[in-house]
Every structure is written in structure tokens, then in C-alpha cells.
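Asks: work.pdb is reproduced below (PDB, C-alpha atoms, pLDDT in the B column).
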```pdb
ATOM      1  CA  MET A   1      63.014 -20.495  23.265  1.00 40.00           C
ATOM      2  CA  HIS A   2      61.890 -16.990  24.062  1.00 39.00           C
ATOM      3  CA  ILE A   3      60.662 -16.895  27.686  1.00 41.00           C
ATOM      4  CA  LEU A   4      58.159 -14.173  28.624  1.00 41.00           C
ATOM      5  CA  SER A   5      58.549 -12.341  31.848  1.00 42.00           C
ATOM      6  CA  ARG A   6      55.702 -12.416  34.404  1.00 37.00           C
ATOM      7  CA  THR A   7      54.783  -8.861  33.403  1.00 40.00           C
ATOM      8  CA  ALA A   8      54.640  -9.711  29.717  1.00 42.00           C
ATOM      9  CA  ARG A   9      52.534 -12.802  30.391  1.00 40.00           C
ATOM     10  CA  ALA A  10      50.043 -10.758  32.421  1.00 41.00           C
ATOM     11  CA  ALA A  11      49.792  -8.189  29.642  1.00 41.00           C
ATOM     12  CA  ARG A  12      49.065 -10.945  27.111  1.00 44.00           C
ATOM     13  CA  VAL A  13      46.335 -12.434  29.329  1.00 40.00           C
ATOM     14  CA  LEU A  14      44.698  -9.045  29.704  1.00 39.00           C
ATOM     15  CA  ALA A  15      44.819  -8.444  25.970  1.00 44.00           C
ATOM     16  CA  VAL A  16      43.232 -11.832  25.214  1.00 43.00           C
ATOM     17  CA  ALA A  17      40.552 -11.283  27.844  1.00 45.00           C
ATOM     18  CA  ALA A  18      39.746  -7.846  26.446  1.00 47.00           C
ATOM     19  CA  LEU A  19      39.214  -9.217  22.928  1.00 43.00           C
ATOM     20  CA  PRO A  20      35.717 -10.763  23.566  1.00 48.00           C
ATOM     21  CA  LEU A  21      34.641  -7.549  25.265  1.00 45.00           C
ATOM     22  CA  ALA A  22      35.728  -5.537  22.238  1.00 46.00           C
ATOM     23  CA  LEU A  23      33.886  -7.916  19.887  1.00 42.00           C
ATOM     24  CA  ALA A  24      30.759  -7.732  22.069  1.00 47.00           C
ATOM     25  CA  ALA A  25      30.896  -3.951  22.049  1.00 47.00           C
ATOM     26  CA  CYS A  26      31.227  -3.952  18.261  1.00 47.00           C
ATOM     27  CA  GLY A  27      28.252  -6.299  17.945  1.00 51.00           C
ATOM     28  CA  SER A  28      26.218  -4.076  20.241  1.00 51.00           C
ATOM     29  CA  GLN A  29      27.003  -1.021  18.121  1.00 53.00           C
ATOM     30  CA  GLN A  30      25.986  -2.888  14.959  1.00 54.00           C
ATOM     31  CA  ALA A  31      22.684  -3.985  16.572  1.00 51.00           C
ATOM     32  CA  THR A  32      21.987  -0.421  17.705  1.00 51.00           C
ATOM     33  CA  SER A  33      22.763   0.830  14.205  1.00 49.00           C
ATOM     34  CA  ALA A  34      20.448  -1.751  12.649  1.00 48.00           C
ATOM     35  CA  LYS A  35      17.696  -0.854  15.118  1.00 52.00           C
ATOM     36  CA  GLY A  36      18.078   2.817  14.328  1.00 51.00           C
ATOM     37  CA  SER A  37      17.907   2.047  10.624  1.00 50.00           C
ATOM     38  CA  ALA A  38      14.715   0.009  11.105  1.00 52.00           C
ATOM     39  CA  SER A  39      13.051   2.721  13.177  1.00 57.00           C
ATOM     40  CA  SER A  40      13.762   5.291  10.485  1.00 65.00           C
ATOM     41  CA  SER A  41      11.967   3.259   7.804  1.00 73.00           C
ATOM     42  CA  PRO A  42       8.813   4.887   6.366  1.00 80.00           C
ATOM     43  CA  ALA A  43       5.595   4.389   8.356  1.00 87.00           C
ATOM     44  CA  LYS A  44       2.826   2.304   6.790  1.00 90.00           C
ATOM     45  CA  ASP A  45       0.452   4.328   4.617  1.00 93.00           C
ATOM     46  CA  PRO A  46      -2.894   4.474   6.527  1.00 94.00           C
ATOM     47  CA  ASN A  47      -4.723   4.852   3.208  1.00 96.00           C
ATOM     48  CA  ALA A  48      -3.150   1.776   1.602  1.00 95.00           C
ATOM     49  CA  GLY A  49      -5.784  -0.319  -0.153  1.00 95.00           C
ATOM     50  CA  LEU A  50      -8.549   2.281   0.153  1.00 97.00           C
ATOM     51  CA  LEU A  51     -10.425   3.321  -2.970  1.00 97.00           C
ATOM     52  CA  THR A  52      -9.846   6.794  -4.346  1.00 97.00           C
ATOM     53  CA  GLY A  53     -12.630   9.157  -5.313  1.00 98.00           C
ATOM     54  CA  ALA A  54     -11.872   8.494  -8.983  1.00 97.00           C
ATOM     55  CA  GLN A  55     -12.373   4.753  -8.447  1.00 96.00           C
ATOM     56  CA  MET A  56     -15.576   5.221  -6.465  1.00 97.00           C
ATOM     57  CA  LYS A  57     -16.964   7.542  -9.111  1.00 97.00           C
ATOM     58  CA  LYS A  58     -16.957   4.574 -11.497  1.00 97.00           C
ATOM     59  CA  ALA A  59     -18.980   2.554  -8.946  1.00 97.00           C
ATOM     60  CA  LEU A  60     -21.822   5.091  -8.881  1.00 98.00           C
ATOM     61  CA  ALA A  61     -24.910   4.159 -10.881  1.00 98.00           C
ATOM     62  CA  PRO A  62     -24.788   5.510 -14.459  1.00 97.00           C
ATOM     63  CA  ALA A  63     -27.345   7.859 -15.994  1.00 97.00           C
ATOM     64  CA  SER A  64     -29.027   4.872 -17.671  1.00 96.00           C
ATOM     65  CA  PHE A  65     -30.041   3.548 -14.240  1.00 97.00           C
ATOM     66  CA  PHE A  66     -32.349   6.474 -13.480  1.00 97.00           C
ATOM     67  CA  PRO A  67     -35.956   6.798 -14.695  1.00 93.00           C
ATOM     68  CA  ALA A  68     -36.840   8.889 -17.721  1.00 93.00           C
ATOM     69  CA  GLY A  69     -36.944  12.597 -16.957  1.00 94.00           C
ATOM     70  CA  PHE A  70     -34.126  12.468 -14.401  1.00 97.00           C
ATOM     71  CA  ALA A  71     -30.911  14.369 -15.107  1.00 97.00           C
ATOM     72  CA  VAL A  72     -27.754  14.843 -13.079  1.00 97.00           C
ATOM     73  CA  ASP A  73     -27.442  18.084 -11.134  1.00 96.00           C
ATOM     74  CA  PRO A  74     -23.961  19.403 -12.066  1.00 95.00           C
ATOM     75  CA  SER A  75     -23.657  21.304  -8.783  1.00 93.00           C
ATOM     76  CA  GLY A  76     -24.001  18.069  -6.807  1.00 92.00           C
ATOM     77  CA  ALA A  77     -21.516  15.960  -8.774  1.00 97.00           C
ATOM     78  CA  ARG A  78     -18.076  15.845  -7.148  1.00 97.00           C
ATOM     79  CA  ASP A  79     -15.356  13.485  -5.952  1.00 98.00           C
ATOM     80  CA  SER A  80     -11.963  13.567  -4.241  1.00 97.00           C
ATOM     81  CA  GLY A  81     -10.050  12.465  -7.347  1.00 97.00           C
ATOM     82  CA  ASP A  82      -6.811  10.535  -6.775  1.00 97.00           C
ATOM     83  CA  THR A  83      -5.959  12.160  -3.445  1.00 96.00           C
ATOM     84  CA  TYR A  84      -6.942  11.455   0.156  1.00 97.00           C
ATOM     85  CA  THR A  85      -7.961  13.898   2.866  1.00 95.00           C
ATOM     86  CA  ALA A  86      -7.477  13.833   6.628  1.00 93.00           C
ATOM     87  CA  PRO A  87     -10.410  12.010   8.271  1.00 92.00           C
ATOM     88  CA  SER A  88     -12.564  12.995  11.213  1.00 85.00           C
ATOM     89  CA  THR A  89     -13.408   9.977  13.367  1.00 75.00           C
ATOM     90  CA  ALA A  90     -15.184  11.777  16.211  1.00 74.00           C
ATOM     91  CA  PRO A  91     -18.973  11.449  15.915  1.00 73.00           C
ATOM     92  CA  ALA A  92     -21.065  14.479  16.717  1.00 69.00           C
ATOM     93  CA  ALA A  93     -22.073  14.613  20.387  1.00 77.00           C
ATOM     94  CA  LYS A  94     -25.519  15.804  19.329  1.00 86.00           C
ATOM     95  CA  PRO A  95     -26.531  15.224  15.696  1.00 90.00           C
ATOM     96  CA  ASP A  96     -27.886  18.049  13.584  1.00 93.00           C
ATOM     97  CA  CYS A  97     -31.068  16.221  12.620  1.00 94.00           C
ATOM     98  CA  ALA A  98     -31.902  18.686   9.839  1.00 93.00           C
ATOM     99  CA  LYS A  99     -28.961  17.273   7.838  1.00 94.00           C
ATOM    100  CA  LEU A 100     -31.053  14.166   7.252  1.00 96.00           C
ATOM    101  CA  GLY A 101     -32.991  16.253   4.767  1.00 94.00           C
ATOM    102  CA  GLY A 102     -29.950  16.876   2.531  1.00 93.00           C
ATOM    103  CA  THR A 103     -28.495  14.839  -0.334  1.00 94.00           C
ATOM    104  CA  ALA A 104     -25.181  14.411   1.529  1.00 95.00           C
ATOM    105  CA  TRP A 105     -27.065  13.340   4.662  1.00 97.00           C
ATOM    106  CA  ILE A 106     -24.348  10.888   5.808  1.00 97.00           C
ATOM    107  CA  ALA A 107     -22.490  13.953   7.164  1.00 94.00           C
ATOM    108  CA  VAL A 108     -24.969  13.926  10.060  1.00 95.00           C
ATOM    109  CA  THR A 109     -22.791  11.237  11.709  1.00 94.00           C
ATOM    110  CA  GLY A 110     -19.909  13.697  12.152  1.00 93.00           C
ATOM    111  CA  ILE A 111     -17.478  11.063  10.832  1.00 95.00           C
ATOM    112  CA  SER A 112     -15.756  11.902   7.561  1.00 94.00           C
ATOM    113  CA  GLY A 113     -13.858   9.562   5.261  1.00 96.00           C
ATOM    114  CA  VAL A 114     -10.607  10.015   3.369  1.00 98.00           C
ATOM    115  CA  SER A 115     -12.091   9.883  -0.148  1.00 98.00           C
ATOM    116  CA  PHE A 116     -15.545  10.097  -1.733  1.00 98.00           C
ATOM    117  CA  ALA A 117     -17.654  10.353  -4.870  1.00 98.00           C
ATOM    118  CA  GLN A 118     -21.233  11.577  -5.197  1.00 98.00           C
ATOM    119  CA  ASN A 119     -23.892  12.956  -7.522  1.00 98.00           C
ATOM    120  CA  ASP A 120     -27.569  13.819  -7.530  1.00 97.00           C
ATOM    121  CA  TYR A 121     -30.300  13.176 -10.112  1.00 98.00           C
ATOM    122  CA  VAL A 122     -33.421  15.364 -10.201  1.00 97.00           C
ATOM    123  CA  SER A 123     -36.622  14.949 -12.189  1.00 96.00           C
ATOM    124  CA  LYS A 124     -37.361  17.981 -14.329  1.00 90.00           C
ATOM    125  CA  ASN A 125     -41.050  17.099 -14.253  1.00 90.00           C
ATOM    126  CA  THR A 126     -41.762  16.297 -10.616  1.00 90.00           C
ATOM    127  CA  SER A 127     -38.685  17.615  -8.732  1.00 88.00           C
ATOM    128  CA  GLU A 128     -38.199  14.147  -7.237  1.00 96.00           C
ATOM    129  CA  ASP A 129     -34.645  13.613  -6.071  1.00 97.00           C
ATOM    130  CA  ILE A 130     -32.273  10.631  -6.090  1.00 98.00           C
ATOM    131  CA  ALA A 131     -28.798  11.043  -4.639  1.00 98.00           C
ATOM    132  CA  GLN A 132     -25.896   8.593  -4.341  1.00 98.00           C
ATOM    133  CA  GLU A 133     -22.571   8.734  -2.517  1.00 98.00           C
ATOM    134  CA  VAL A 134     -19.682   6.445  -1.561  1.00 98.00           C
ATOM    135  CA  ASP A 135     -17.124   7.259   1.153  1.00 98.00           C
ATOM    136  CA  ALA A 136     -13.966   5.335   2.114  1.00 98.00           C
ATOM    137  CA  TYR A 137     -12.805   5.075   5.739  1.00 97.00           C
ATOM    138  CA  ARG A 138      -9.672   3.818   7.474  1.00 96.00           C
ATOM    139  CA  GLY A 139      -9.609   0.657   9.559  1.00 95.00           C
ATOM    140  CA  THR A 140     -12.947  -0.243  11.121  1.00 95.00           C
ATOM    141  CA  THR A 141     -14.355   3.295  10.951  1.00 95.00           C
ATOM    142  CA  ALA A 142     -16.933   2.294   8.322  1.00 97.00           C
ATOM    143  CA  SER A 143     -18.637   0.124  10.949  1.00 97.00           C
ATOM    144  CA  ASP A 144     -18.635   3.103  13.320  1.00 95.00           C
ATOM    145  CA  VAL A 145     -20.461   5.127  10.668  1.00 96.00           C
ATOM    146  CA  LEU A 146     -23.277   2.553  10.517  1.00 97.00           C
ATOM    147  CA  LYS A 147     -23.550   2.609  14.307  1.00 96.00           C
ATOM    148  CA  ALA A 148     -23.676   6.412  14.206  1.00 95.00           C
ATOM    149  CA  VAL A 149     -26.498   6.326  11.637  1.00 96.00           C
ATOM    150  CA  GLN A 150     -28.500   4.070  13.942  1.00 96.00           C
ATOM    151  CA  LYS A 151     -27.857   6.322  16.943  1.00 95.00           C
ATOM    152  CA  THR A 152     -28.842   9.372  14.896  1.00 95.00           C
ATOM    153  CA  ALA A 153     -32.153   7.817  13.883  1.00 95.00           C
ATOM    154  CA  ALA A 154     -32.866   7.079  17.536  1.00 94.00           C
ATOM    155  CA  ALA A 155     -31.881  10.575  18.689  1.00 94.00           C
ATOM    156  CA  CYS A 156     -33.736  12.412  15.921  1.00 93.00           C
ATOM    157  CA  ASP A 157     -37.339  11.423  16.539  1.00 84.00           C
ATOM    158  CA  GLY A 158     -38.323  14.512  14.553  1.00 88.00           C
ATOM    159  CA  PHE A 159     -37.089  17.837  13.227  1.00 92.00           C
ATOM    160  CA  ALA A 160     -38.546  20.934  11.575  1.00 91.00           C
ATOM    161  CA  ASP A 161     -38.619  21.227   7.790  1.00 90.00           C
ATOM    162  CA  SER A 162     -36.989  24.545   6.921  1.00 85.00           C
ATOM    163  CA  GLN A 163     -39.388  25.157   4.023  1.00 87.00           C
ATOM    164  CA  THR A 164     -42.770  24.023   5.324  1.00 88.00           C
ATOM    165  CA  HIS A 165     -41.950  24.528   9.041  1.00 88.00           C
ATOM    166  CA  SER A 166     -43.777  21.278   9.669  1.00 93.00           C
ATOM    167  CA  LYS A 167     -42.412  18.371  11.723  1.00 95.00           C
ATOM    168  CA  VAL A 168     -40.538  15.610   9.942  1.00 96.00           C
ATOM    169  CA  LYS A 169     -40.874  12.202  11.580  1.00 97.00           C
ATOM    170  CA  VAL A 170     -37.832   9.895  11.594  1.00 97.00           C
ATOM    171  CA  ALA A 171     -37.932   6.088  11.709  1.00 96.00           C
ATOM    172  CA  GLY A 172     -35.014   3.684  11.332  1.00 97.00           C
ATOM    173  CA  ALA A 173     -34.427  -0.047  10.982  1.00 97.00           C
ATOM    174  CA  ALA A 174     -31.566  -2.456  10.277  1.00 97.00           C
ATOM    175  CA  THR A 175     -31.723  -3.743   6.696  1.00 97.00           C
ATOM    176  CA  PRO A 176     -30.407  -7.227   5.854  1.00 96.00           C
ATOM    177  CA  GLY A 177     -29.186  -8.273   2.430  1.00 95.00           C
ATOM    178  CA  LEU A 178     -27.379  -5.063   1.471  1.00 97.00           C
ATOM    179  CA  GLY A 179     -23.585  -5.254   1.661  1.00 97.00           C
ATOM    180  CA  ASP A 180     -21.919  -6.299   4.924  1.00 97.00           C
ATOM    181  CA  GLU A 181     -24.502  -4.392   6.965  1.00 98.00           C
ATOM    182  CA  ALA A 182     -27.072  -1.707   6.243  1.00 98.00           C
ATOM    183  CA  TYR A 183     -29.505   0.648   7.937  1.00 98.00           C
ATOM    184  CA  THR A 184     -32.538   2.439   6.528  1.00 98.00           C
ATOM    185  CA  VAL A 185     -33.987   5.746   7.702  1.00 98.00           C
ATOM    186  CA  THR A 186     -37.432   6.885   6.572  1.00 98.00           C
ATOM    187  CA  LEU A 187     -38.548  10.524   6.744  1.00 97.00           C
ATOM    188  CA  THR A 188     -42.242  11.410   6.547  1.00 97.00           C
ATOM    189  CA  ASP A 189     -44.143  14.662   6.867  1.00 96.00           C
ATOM    190  CA  THR A 190     -47.872  15.344   6.480  1.00 94.00           C
ATOM    191  CA  ALA A 191     -46.979  18.463   4.492  1.00 93.00           C
ATOM    192  CA  TRP A 192     -45.115  16.427   1.852  1.00 94.00           C
ATOM    193  CA  GLN A 193     -46.598  14.575  -1.115  1.00 91.00           C
ATOM    194  CA  ASN A 194     -44.114  11.751  -0.587  1.00 95.00           C
ATOM    195  CA  GLY A 195     -41.579  10.833   2.070  1.00 97.00           C
ATOM    196  CA  THR A 196     -37.849  10.197   1.807  1.00 98.00           C
ATOM    197  CA  THR A 197     -35.838   7.002   2.193  1.00 98.00           C
ATOM    198  CA  LEU A 198     -32.180   7.063   3.238  1.00 98.00           C
ATOM    199  CA  ILE A 199     -30.022   3.931   3.172  1.00 98.00           C
ATOM    200  CA  ALA A 200     -26.466   3.476   4.435  1.00 98.00           C
ATOM    201  CA  ALA A 201     -24.736   0.206   3.494  1.00 98.00           C
ATOM    202  CA  ARG A 202     -21.201  -0.894   4.330  1.00 98.00           C
ATOM    203  CA  VAL A 203     -19.018  -2.746   1.832  1.00 98.00           C
ATOM    204  CA  GLY A 204     -15.716  -3.437   3.568  1.00 97.00           C
ATOM    205  CA  THR A 205     -14.140  -0.051   4.328  1.00 97.00           C
ATOM    206  CA  ASN A 206     -16.651   1.814   2.151  1.00 98.00           C
ATOM    207  CA  VAL A 207     -20.069   3.202   3.023  1.00 98.00           C
ATOM    208  CA  VAL A 208     -22.742   3.674   0.374  1.00 98.00           C
ATOM    209  CA  SER A 209     -25.354   6.303   1.212  1.00 98.00           C
ATOM    210  CA  VAL A 210     -28.390   6.993  -0.952  1.00 98.00           C
ATOM    211  CA  MET A 211     -31.419   9.246  -0.754  1.00 98.00           C
ATOM    212  CA  SER A 212     -34.654   8.896  -2.735  1.00 98.00           C
ATOM    213  CA  THR A 213     -38.003  10.690  -2.944  1.00 97.00           C
ATOM    214  CA  ASP A 214     -38.919   8.860  -6.163  1.00 97.00           C
ATOM    215  CA  GLY A 215     -42.250   7.035  -6.453  1.00 94.00           C
ATOM    216  CA  HIS A 216     -45.194   6.780  -4.071  1.00 93.00           C
ATOM    217  CA  ASP A 217     -43.607   4.632  -1.345  1.00 97.00           C
ATOM    218  CA  ASN A 218     -41.456   7.285   0.352  1.00 98.00           C
ATOM    219  CA  GLY A 219     -38.760   6.521  -2.224  1.00 97.00           C
ATOM    220  CA  ALA A 220     -38.115   3.090  -0.695  1.00 98.00           C
ATOM    221  CA  ALA A 221     -38.017   0.873  -3.811  1.00 98.00           C
ATOM    222  CA  THR A 222     -35.711   3.183  -5.747  1.00 98.00           C
ATOM    223  CA  ALA A 223     -33.405   3.664  -2.752  1.00 98.00           C
ATOM    224  CA  LYS A 224     -33.022  -0.091  -2.285  1.00 98.00           C
ATOM    225  CA  LYS A 225     -32.478  -0.763  -5.974  1.00 98.00           C
ATOM    226  CA  LEU A 226     -29.859   1.995  -6.183  1.00 98.00           C
ATOM    227  CA  THR A 227     -28.044   0.701  -3.110  1.00 98.00           C
ATOM    228  CA  GLN A 228     -27.953  -2.815  -4.581  1.00 98.00           C
ATOM    229  CA  GLN A 229     -26.500  -1.401  -7.807  1.00 98.00           C
ATOM    230  CA  ILE A 230     -23.662   0.445  -6.063  1.00 98.00           C
ATOM    231  CA  VAL A 231     -22.902  -2.409  -3.643  1.00 98.00           C
ATOM    232  CA  ALA A 232     -22.510  -4.804  -6.585  1.00 97.00           C
ATOM    233  CA  SER A 233     -20.224  -2.352  -8.397  1.00 97.00           C
ATOM    234  CA  LEU A 234     -18.028  -1.910  -5.330  1.00 96.00           C
ATOM    235  CA  LYS A 235     -17.665  -5.666  -4.890  1.00 93.00           C
ATOM    236  CA  LYS A 236     -16.431  -5.933  -8.472  1.00 90.00           C
ATOM    237  CA  THR A 237     -14.008  -3.051  -7.902  1.00 84.00           C
ATOM    238  CA  ALA A 238     -12.598  -4.653  -4.729  1.00 66.00           C
TER     239      ALA A 238
END
```
In C-alpha cells, write the structure found in this file.
Replies:
Amino acid sequence: MHILSRTARAARVLAVAALPLALAACGSQQATSAKGSASSSPAKDPNAGLLTGAQMKKALAPASFFPAGFAVDPSGARDSGDTYTAPSTAPAAKPDCAKLGGTAWIAVTGISGVSFAQNDYVSKNTSEDIAQEVDAYRGTTASDVLKAVQKTAAACDGFADSQTHSKVKVAGAATPGLGDEAYTVTLTDTAWQNGTTLIAARVGTNVVSVMSTDGHDNGAATAKKLTQQIVASLKKTA
């Protein structure tokens, strides 16, 4: 029998005791390595699941929807294609109320989406105007846009028409039955033959915005019908 000396026995004890420490250290290194690998994985795409401009373009009402005599204005037809742009989620501190008079009036909120599609139909006989637009937003920003529209209507009790220099009156009201939530803004002016109706309706992360001066009711019936058309198309797309 080989008998170990006291020194040899002590060395063996130390070696055995050091083994768990070495294994623990190895495990710690592996965990750190795994953690580093996980942290280097690609970040989640913030635009995942959002419609592109090309997809929203298909949701816009077709030419057959519009009354006889209306034709698309080529200069107002555009979309963001298959790409996304950086959004702006900071609403304007003070809205530029005059933007309510434009076809892309939703820009008055100061909140921009990551993709969009829009066009504008004009009557060659009466110059009446019907515009439609859809914008996609990240997260819950679409709801913020609707809130901003409501705040804008409250802040813009009136503004000057750049052509007639008369005062445009602004009135707004929540509108049930259109998408997840909707808000209508009506513009009237004694110098105009007919007023303008603007509607913003949210469908998930998308906001439909329309503008109409068609008819003799401040464009209200056409604006509502157009909004219903686009909302239904978006629900089918989603």
C-alpha cells in the first residue's frame, strides 16, 4: 500500500476543493457568454405588422366610388411605397389652423406616421373636392392623433381663408360608428357656397382622414360614405 505523506494529502485536499470553484467559474463564464450573445440579438422591428404605403393605396376608394365628373388630381396622388419613414410623435404646441383647409389636413396635428397613401378627386364642372388619406403609426400613436384632432378643433375656433380673407368657423364632434373611434370637423364660411367636412377615423394603428366639399351639406354625406368605404377596406386588409 502506497502511503501518502501529510504534505501530499494536504495537496490532494486542496486540489479536490478547488475543483468545484473551477467548475463554478466555468459555468459563470458560459452564462456571461450566453447573456452577451442574447444582448447582441437584433432589436424588434418597430414597424412590424404595420401596413406599407403600397398596401394602404389598395384600401383607398377606387375611381368608381366618386360621382360623375370627378377625376383624380395626379399631383395629389402619392404613397410611401414599400418603405417606412421615421415618425414624428410630438404634437404641435400651437396648431397651424390654416392647414385644416388643405387636402392633407391631418398634418395639422404635428404627428406623422411611418407610411401613407393618399389621393384627391376634383370635379371638373364645379371644382368640388374630395380627398382621402391613410397613415400608419407605431404603437398607440394613432389614438394620440385622434386626441390631437379634437384638441385642434377646440383651439382653432376660426382662421382666415387665404383666398377670400374671410373668417372660417371651425366646429368639431366625436363621431360614433366609424372604425375604432372617429372625430368630425366642419368648416363653414359665409363667403363660400358650401362648407367642408373633415373626418379622422382610427382603425387599429391606422388613421383614415378624408375631406369633402361635395354636395350641399358642407360635404358631410360624401365624407362619411368615403370614410366608411376606406374603414371597411382596411378591416379586410388587416
Asks: As an MDAnalysis selection string, please: the residues near range 166-173 of chain A (cut-off 6 Å, all atoms listed in the file, same-chain neighbours under 4 positions excluded).
Replies: chainID A and resid 153 157:161 183:189
Asks: Using the selection just defined, write its residues with C-alpha atoms as an mmCIF file, in the frame of the given file.
Replies:
```cif
data_model
loop_
_atom_site.group_PDB
_atom_site.id
_atom_site.type_symbol
_atom_site.label_atom_id
_atom_site.label_comp_id
_atom_site.auth_asym_id
_atom_site.auth_seq_id
_atom_site.Cartn_x
_atom_site.Cartn_y
_atom_site.Cartn_z
ATOM 1 C CA ALA A 153 -32.153 7.817 13.883
ATOM 2 C CA ASP A 157 -37.339 11.423 16.539
ATOM 3 C CA GLY A 158 -38.323 14.512 14.553
ATOM 4 C CA PHE A 159 -37.089 17.837 13.227
ATOM 5 C CA ALA A 160 -38.546 20.934 11.575
ATOM 6 C CA ASP A 161 -38.619 21.227 7.790
ATOM 7 C CA TYR A 183 -29.505 0.648 7.937
ATOM 8 C CA THR A 184 -32.538 2.439 6.528
ATOM 9 C CA VAL A 185 -33.987 5.746 7.702
ATOM 10 C CA THR A 186 -37.432 6.885 6.572
ATOM 11 C CA LEU A 187 -38.548 10.524 6.744
ATOM 12 C CA THR A 188 -42.242 11.410 6.547
ATOM 13 C CA ASP A 189 -44.143 14.662 6.867
#
```
Asks: When the PyMOL selection byres ((chain A and resi 213) around 12) is applied to the structure above, which residues does it catch, written out as an MDAnalysis selection string?
Replies: chainID A and resid 101:103 120:123 126:131 186:188 192:198 210:212 214:224
Asks: For range 105-110 of chain A, list every protein, DNA or RNA residue within 10 Å, evaluated using all atoms listed in the file, and leave out those in the same chain fewer than 2 positions away; present the list as a ChimeraX atom specification.
Replies: /A:88-103,112-113,131,133-135,144-152,198-200,207-211
Asks: Between CA of Asp79 in chain A and CA of Lys44 in chain A, what is the distance, to one decimal in Å?
Replies: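 Going from CA of Asp79 in chain A over to CA of Lys44 in chain A covers 24.9 Å.
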Asks: Point out the residue among A:Gly204, A:Pro62, A:Thr140, A:Phe116 with the least atom-to-atom distance to Thr85 in chain A, counting all atoms listed in the file.
Replies: A:Phe116
Asks: Here is a test: counting only C-alpha atoms, which residue of A:Cys156, A:Gln132, A:Ala86, A:Ala201 is nearest to Ile111 in chain A?
Replies: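 Checking each of A:Cys156, A:Gln132, A:Ala86, A:Ala201 against Ile111 in chain A, counting only C-alpha atoms, the winner is A:Ala86.
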Asks: One decimal, in Å: what's the spacing between CA of Gly69 in chain A and CA of Ala191 in chain A?
Replies: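 Separation between CA of Gly69 in chain A and CA of Ala191 in chain A: 24.4 Å.
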Asks: Could you name the residues that touch Asp82 in chain A at 9 Å or less, counting all atoms listed in the file, but leaving out those on the same chain fewer than 3 positions away, as a ChimeraX atom specification?
Replies: /A:51-55,115
Asks: Can you work out the spacing between CA of Lys57 in chain A and CA of Gln118 in chain A in Å, to one decimal?
Replies: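 Distance between the two atoms: 7.1 Å.
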Asks: With all atoms listed in the file as the counted atoms, please give the residues lying no more than 8 Å from range 233-236 of chain A, apart from itself and same-chain residues fewer than 3 positions off, as a PyMOL selection string.
Replies: chain A and resi 56+59-60+203+229-230
Asks: With all atoms listed in the file as the basis for distance, which of A:Asp45, A:Ala77, A:Leu226, A:Pro176 is at the shortest distance from Ala117 in chain A?
Replies: A:Ala77
Asks: Give the centre and edge lengths of an axis-aligned box, in Å to one decimal, that holds all listed atoms of range 103-118 of chain A with 4 Å on each side, as AutoDock Vina command-line options.
Replies:
```
--center_x -19.6 --center_y 12.2 --center_z 3.5 --size_x 25.9 --size_y 13.3 --size_z 25.3
```
Asks: Residues at most 6 Å from Thr205 in chain A, counting all atoms listed in the file, excluding those fewer than 2 positions away in the same chain, as an MDAnalysis selection string?
Replies: chainID A and resid 136:137 142
Asks: Which is closest to Gly81 in chain A among A:His165, A:Lys58, A:Ala48, A:Ser41, if we use all atoms listed in the file?
Replies: A:Lys58
